[in-house]
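J.: Pasting a structure below so you can have a look.
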2 protein chains.
Amino acid sequence: MSAVTDPLVWEHVQPAAARRLLTGAVDAFAERGFQATTTRDIASRAGMSPAALYVHYPSKERLLFEISLYGHKAALDVLRSADTGPTPADRLRSLVAAFTAWHAEHHTIARVVQYELAALSPEHLAEVATIRRAISTQIEQVLTDGVAHGSFAVADLPGTTLAVLSLSIDVARWYTPHRGNPAALGKLYADLAHRMVQA
Amino acid sequence: MSAVTDPLVWEHVQPAAARRLLTGAVDAFAERGFQATTTRDIASRAGMSPAALYVHYPSKERLLFEISLYGHKAALDVLRSADTGPTPADRLRSLVAAFTAWHAEHHTIARVVQYELAALSPEHLAEVATIRRAISTQIEQVLTDGVAHGSFAVADLPGTTLAVLSLSIDVARWYTPHRGNPAALGKLYADLAHRMVQA
DNA sequence: GTCTATAGAACGATAGAC
DNA sequence: GTCTATCGTTCTATAGAC
């Protein structure tokens, strides 16, 4: 079962018809991009006529926003839950493993989250940008703590924060299920990120 | 002067009208994506009517292909020229510094190269895929050499190759000129990549 | 080689029946 | 809440004058 079409992921979307449209939109946006996806395509993936979409969503952009907002919240939740461990090194490894595995496991949602920001309205973009800053802060804080603790050596804090995030985010670009499993990839990337900052 | 609109970069495209269309297309594709860009937009950036585009290019996709093919060749050339140094560590640092700086300096071309592959025709995609494999091989070889030399410790060779490439490629997603200069970013990333694989 | 004009198709979104 | 039908717009690409 694909992570994207896993109904548990979108259980909070009601009624079922709205959920079918939303999961169809995730698959289509991830596969072809927002601009190349037609409302007819989304509706037909949900087994409905083009007009039925507008009963549940006022526009194609609103559908994108619902996906992007939920995806950003889910990614931030994953990071906040993973920020545990006795040392900064343990916390960083846990953060990177979880964030990377999420991008692999949910690579279709992640692709929409990371690569379709430009298609959002200015208001909707501002809303997800707030969450993006919180995600970045979560990584930056553990690096700061590691430097204070003496276990990390970081010459450029904002630059290294961005590099650690980059490593996980880029997974959404290339990942397909046949290219390794999310947990193993998370472990590898946790190791690589730790080595990047180790004193 | 923006790297993209630097006429020296596209000097080989003749006549000048074709070059103006091509640089307009690079800017538009990088800014809005291939699907969201209209032929009218490209033509107006070149100061021409929509119809004039078709005197120089048979389709919008062909314009994308010319940009993507040239961009891939330029990226591979940068890597091949940078693969120098007495030790694998020196070579890796030089490769990552050059590849990263290229993605920053030419971030608009790089964005088209890395994020618009899905809009290419199957035949054109196959052609650039050949170059992409050569790019990947260039990094993988130096990692292999470093392991044989005893200076690198790499648990997962294909996974680490991809991670090193990811770090540079993702620069195209977020880079703007106000976020640091390409050479400094290249140095930082060379250091981070080296630490990722150091024995 | 550039223009104006437009063909022909597809798009997002709406109207109104059931 | 779903359908069929379609509105009004916009798109890629072409025709033909200059």
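Please note that chains go A, B, ... in the order of the structure tokens, that every chain numbers its residues from 1, and that ligands are numbered from 1 in the order shown.
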Which residues are near Ala25 in chain B? Cut-off 8 Å, only C-alpha atoms (C1' of nucleotides), ignore same chain within fewer than 3 positions. Put them as a PyMOL selection string.
T.: chain B and resi 21-22+28-29+42+63-64
J.: Which chain D residues have any atom within 12 Å of an atom of chain B, and for each, what is the nearest pair of atoms with distance in Å to one decimal, counting only C-alpha atoms (C1' of nucleotides), rows sorted by chain and number, as a tab-separated table?
T.:
```
residue	atom	partner	partner_atom	distance
D:DT10	C1'	B:Thr38	CA	9.9
D:DC11	C1'	B:Thr38	CA	7.7
D:DT12	C1'	B:Thr39	CA	7.6
D:DA13	C1'	B:Tyr54	CA	8.1
D:DT14	C1'	B:Ala51	CA	8.7
D:DA15	C1'	B:Ala51	CA	10.8
```
J.: Would you save the residues of that selection, restricted to all heavy atoms, as a tab-separated table (two decimals), in the first residue's frame?
T.:
```tsv
chain	number	residue	atom	x	y	z
D	10	DT	P	-8.01	35.20	-20.09
D	10	DT	OP1	-7.51	35.73	-18.81
D	10	DT	OP2	-8.23	36.08	-21.26
D	10	DT	O5'	-7.05	34.01	-20.55
D	10	DT	C5'	-6.86	32.87	-19.73
D	10	DT	C4'	-6.20	31.76	-20.54
D	10	DT	O4'	-7.15	31.22	-21.49
D	10	DT	C3'	-5.00	32.25	-21.37
D	10	DT	O3'	-3.85	31.60	-20.88
D	10	DT	C2'	-5.34	31.84	-22.80
D	10	DT	C1'	-6.41	30.77	-22.61
D	10	DT	N1	-7.36	30.59	-23.74
D	10	DT	C2	-7.51	29.34	-24.31
D	10	DT	O2	-6.90	28.37	-23.93
D	10	DT	N3	-8.42	29.27	-25.33
D	10	DT	C4	-9.18	30.32	-25.86
D	10	DT	O4	-9.96	30.14	-26.77
D	10	DT	C5	-8.97	31.61	-25.22
D	10	DT	C7	-9.74	32.81	-25.70
D	10	DT	C6	-8.08	31.68	-24.20
D	11	DC	P	-2.39	31.94	-21.38
D	11	DC	OP1	-1.53	32.03	-20.20
D	11	DC	OP2	-2.48	33.09	-22.32
D	11	DC	O5'	-2.01	30.63	-22.22
D	11	DC	C5'	-2.13	29.35	-21.60
D	11	DC	C4'	-2.18	28.27	-22.66
D	11	DC	O4'	-3.43	28.38	-23.38
D	11	DC	C3'	-1.11	28.43	-23.73
D	11	DC	O3'	0.05	27.71	-23.35
D	11	DC	C2'	-1.76	27.81	-24.96
D	11	DC	C1'	-3.26	27.84	-24.68
D	11	DC	N1	-4.04	28.69	-25.62
D	11	DC	C2	-4.69	28.08	-26.70
D	11	DC	O2	-4.57	26.86	-26.87
D	11	DC	N3	-5.42	28.84	-27.54
D	11	DC	C4	-5.52	30.16	-27.33
D	11	DC	N4	-6.27	30.88	-28.18
D	11	DC	C5	-4.87	30.80	-26.24
D	11	DC	C6	-4.14	30.04	-25.43
D	12	DT	P	1.41	27.97	-24.10
D	12	DT	OP1	2.47	27.48	-23.21
D	12	DT	OP2	1.42	29.37	-24.59
D	12	DT	O5'	1.30	27.03	-25.38
D	12	DT	C5'	1.24	25.61	-25.23
D	12	DT	C4'	1.00	24.95	-26.58
D	12	DT	O4'	-0.17	25.56	-27.19
D	12	DT	C3'	2.15	25.14	-27.58
D	12	DT	O3'	2.41	23.89	-28.21
D	12	DT	C2'	1.63	26.18	-28.57
D	12	DT	C1'	0.12	25.94	-28.53
D	12	DT	N1	-0.72	27.14	-28.84
D	12	DT	C2	-1.69	27.07	-29.83
D	12	DT	O2	-1.90	26.06	-30.48
D	12	DT	N3	-2.40	28.23	-30.03
D	12	DT	C4	-2.25	29.43	-29.34
D	12	DT	O4	-2.96	30.40	-29.62
D	12	DT	C5	-1.22	29.43	-28.31
D	12	DT	C7	-0.99	30.67	-27.52
D	12	DT	C6	-0.51	28.31	-28.11
D	13	DA	P	3.71	23.69	-29.21
D	13	DA	OP1	4.04	22.25	-29.28
D	13	DA	OP2	4.74	24.66	-28.83
D	13	DA	O5'	3.11	24.13	-30.62
D	13	DA	C5'	1.97	23.43	-31.13
D	13	DA	C4'	1.39	24.17	-32.32
D	13	DA	O4'	0.83	25.42	-31.88
D	13	DA	C3'	2.40	24.54	-33.42
D	13	DA	O3'	2.12	23.73	-34.56
D	13	DA	C2'	2.15	26.04	-33.68
D	13	DA	C1'	0.82	26.29	-32.98
D	13	DA	N9	0.66	27.65	-32.46
D	13	DA	C8	1.42	28.27	-31.49
D	13	DA	N7	1.03	29.50	-31.22
D	13	DA	C5	-0.05	29.71	-32.07
D	13	DA	C6	-0.90	30.82	-32.27
D	13	DA	N6	-0.80	31.97	-31.60
D	13	DA	N1	-1.89	30.69	-33.20
D	13	DA	C2	-2.00	29.53	-33.86
D	13	DA	N3	-1.26	28.42	-33.76
D	13	DA	C4	-0.29	28.58	-32.83
D	14	DT	P	2.88	23.94	-35.94
D	14	DT	OP1	2.90	22.64	-36.63
D	14	DT	OP2	4.13	24.69	-35.70
D	14	DT	O5'	1.86	24.88	-36.72
D	14	DT	C5'	0.50	24.46	-36.85
D	14	DT	C4'	-0.27	25.44	-37.72
D	14	DT	O4'	-0.44	26.69	-37.01
D	14	DT	C3'	0.39	25.79	-39.06
D	14	DT	O3'	-0.59	25.69	-40.08
D	14	DT	C2'	0.87	27.23	-38.86
D	14	DT	C1'	-0.18	27.76	-37.90
D	14	DT	N1	0.23	28.92	-37.06
D	14	DT	C2	-0.54	30.06	-37.07
D	14	DT	O2	-1.55	30.17	-37.73
D	14	DT	N3	-0.07	31.07	-36.25
D	14	DT	C4	1.06	31.04	-35.47
D	14	DT	O4	1.37	32.00	-34.78
D	14	DT	C5	1.82	29.81	-35.51
D	14	DT	C7	3.06	29.69	-34.70
D	14	DT	C6	1.38	28.82	-36.30
D	15	DA	P	-0.17	25.81	-41.63
D	15	DA	OP1	-0.84	24.72	-42.36
D	15	DA	OP2	1.28	25.99	-41.72
D	15	DA	O5'	-0.87	27.20	-42.02
D	15	DA	C5'	-2.20	27.49	-41.58
D	15	DA	C4'	-2.70	28.78	-42.23
D	15	DA	O4'	-2.35	29.90	-41.38
D	15	DA	C3'	-2.08	29.08	-43.59
D	15	DA	O3'	-3.08	29.68	-44.42
D	15	DA	C2'	-0.95	30.05	-43.27
D	15	DA	C1'	-1.51	30.80	-42.06
D	15	DA	N9	-0.52	31.27	-41.10
D	15	DA	C8	0.59	30.60	-40.65
D	15	DA	N7	1.29	31.27	-39.77
D	15	DA	C5	0.60	32.45	-39.62
D	15	DA	C6	0.83	33.59	-38.83
D	15	DA	N6	1.86	33.70	-37.99
D	15	DA	N1	-0.06	34.61	-38.91
D	15	DA	C2	-1.10	34.49	-39.75
D	15	DA	N3	-1.41	33.47	-40.55
D	15	DA	C4	-0.51	32.48	-40.43
```
J.: Looking at B:Thr144, B:Trp10, B:Glu31, B:Asn181, which one is nearest to Ala74 in chain B, with distances taken over only C-alpha atoms?
T.: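 Looking only at the distances to Ala74 in chain B, the closest residue turns out to be B:Trp10.
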J.: Against chain C, which residues of chain B fall within 9 Å? For each one I want the closest pair of atoms and the distance in Å (one decimal), counting only C-alpha atoms (C1' of nucleotides), rows by chain and increasing residue number, as CSV.
T.:
```
residue,atom,partner,partner_atom,distance
B:Met48,CA,C:DT2,C1',8.2
B:Ser49,CA,C:DC3,C1',7.3
B:Ala51,CA,C:DC3,C1',8.3
B:Ala52,CA,C:DT2,C1',6.5
B:Val55,CA,C:DG1,C1',7.4
```
J.: Taking only C-alpha atoms into account and nothing else, which residues of chain A lie no more than 6 Å away from chain B? Please answer as a list in words.
T.: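 So the residues of chain A near chain B are Gln35, Ala36, Leu167, Leu192, Arg195 and Met196 of chain A.
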J.: So that I can see what lies close to Asp77 in chain B, please list as JSON, numbers by chain the residues with an atom at most 10 Å from it, counting only C-alpha atoms (C1' of nucleotides) and leaving out residues fewer than 5 positions away in the same chain.
T.: {"B": [71, 72, 82, 99, 135]}
J.: Just to be explicit: take each residue in the selection above, keep N, CA, C and O atoms, and write the result as a tab-separated table (two decimals), in the first residue's frame.
T.:
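And here is the file that came out, part-v7.tsv:
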```
chain	number	residue	atom	x	y	z
B	71	GLY	N	22.62	22.49	-20.24
B	71	GLY	CA	22.85	22.58	-18.80
B	71	GLY	C	23.50	21.33	-18.25
B	71	GLY	O	24.45	21.40	-17.46
B	72	HIS	N	23.01	20.17	-18.68
B	72	HIS	CA	23.62	18.92	-18.24
B	72	HIS	C	25.07	18.80	-18.71
B	72	HIS	O	25.95	18.39	-17.95
B	82	ALA	N	37.12	19.65	-12.65
B	82	ALA	CA	37.47	19.83	-11.23
B	82	ALA	C	38.08	18.56	-10.62
B	82	ALA	O	38.54	18.60	-9.48
B	99	PHE	N	30.89	21.74	-8.20
B	99	PHE	CA	29.51	21.36	-8.53
B	99	PHE	C	28.51	22.21	-7.76
B	99	PHE	O	27.49	22.66	-8.31
B	135	ILE	N	27.52	11.98	-14.60
B	135	ILE	CA	27.73	12.86	-13.44
B	135	ILE	C	27.82	12.05	-12.16
B	135	ILE	O	28.72	12.24	-11.34
```
J.: Between CA of Thr130 in chain B and CA of Ile109 in chain B, what is the spacing in Å?
T.: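 Going from CA of Ile109 in chain B over to CA of Thr130 in chain B covers 18.4 Å.
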J.: As a ChimeraX atom specification, please: the residues near range 110-113 of chain A (cut-off 6 Å, only C-alpha atoms (C1' of nucleotides), same-chain neighbours under 5 positions excluded).
T.: /A:30,68,103,172
J.: Quick one: write out the picked residues with all heavy atoms as a short mmCIF file (atom, residue, chain, number, x, y, z; two decimals), in the first residue's frame?
T.:
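Result file selection.cif:
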```
data_model
loop_
_atom_site.label_atom_id
_atom_site.label_comp_id
_atom_site.auth_asym_id
_atom_site.auth_seq_id
_atom_site.Cartn_x
_atom_site.Cartn_y
_atom_site.Cartn_z
N ALA A 30 2.15 15.09 -7.43
CA ALA A 30 3.49 14.53 -7.22
C ALA A 30 4.06 14.00 -8.55
O ALA A 30 5.25 14.11 -8.81
CB ALA A 30 3.45 13.41 -6.18
N SER A 68 -0.63 20.86 1.10
CA SER A 68 0.62 21.48 1.52
C SER A 68 0.60 21.79 3.02
O SER A 68 1.58 21.52 3.73
CB SER A 68 0.86 22.75 0.71
OG SER A 68 2.15 23.26 0.94
N HIS A 103 10.31 11.76 4.49
CA HIS A 103 10.36 12.19 3.09
C HIS A 103 10.34 11.00 2.13
O HIS A 103 9.85 11.12 1.00
CB HIS A 103 11.59 13.08 2.84
CG HIS A 103 11.36 14.51 3.19
ND1 HIS A 103 11.41 14.97 4.49
CD2 HIS A 103 11.06 15.59 2.43
CE1 HIS A 103 11.14 16.27 4.50
NE2 HIS A 103 10.92 16.68 3.27
N ALA A 172 12.86 13.65 -1.43
CA ALA A 172 11.55 13.72 -2.10
C ALA A 172 11.70 13.79 -3.61
O ALA A 172 10.82 13.35 -4.36
CB ALA A 172 10.76 14.91 -1.59
#
```
J.: Asp90 in chain A: which residues within 10 Å, counting only C-alpha atoms (C1' of nucleotides), same-chain residues fewer than 4 positions away excluded, as a ChimeraX atom specification?
T.: /A:83-86,94-95,142,190,194
J.: Quick one: distance from CA of Thr100 in chain A to CA of Arg91 in chain B in Å, one decimal?
T.: 27.9 Å
J.: May I have all residues of range 19-194 of chain B that DSSP, computed from the backbone, assigns to alpha helix (DSSP H), given as an MDAnalysis selection string?
T.: chainID B and resid 19:32 39:45 53:56 60:82 88:105 107:115 122:149 157:169 171:174 182:194
J.: Using CA of Pro88 in chain A and CA of Pro182 in chain A as the two end points, give the distance in Å to one decimal.
T.: 22.9 Å
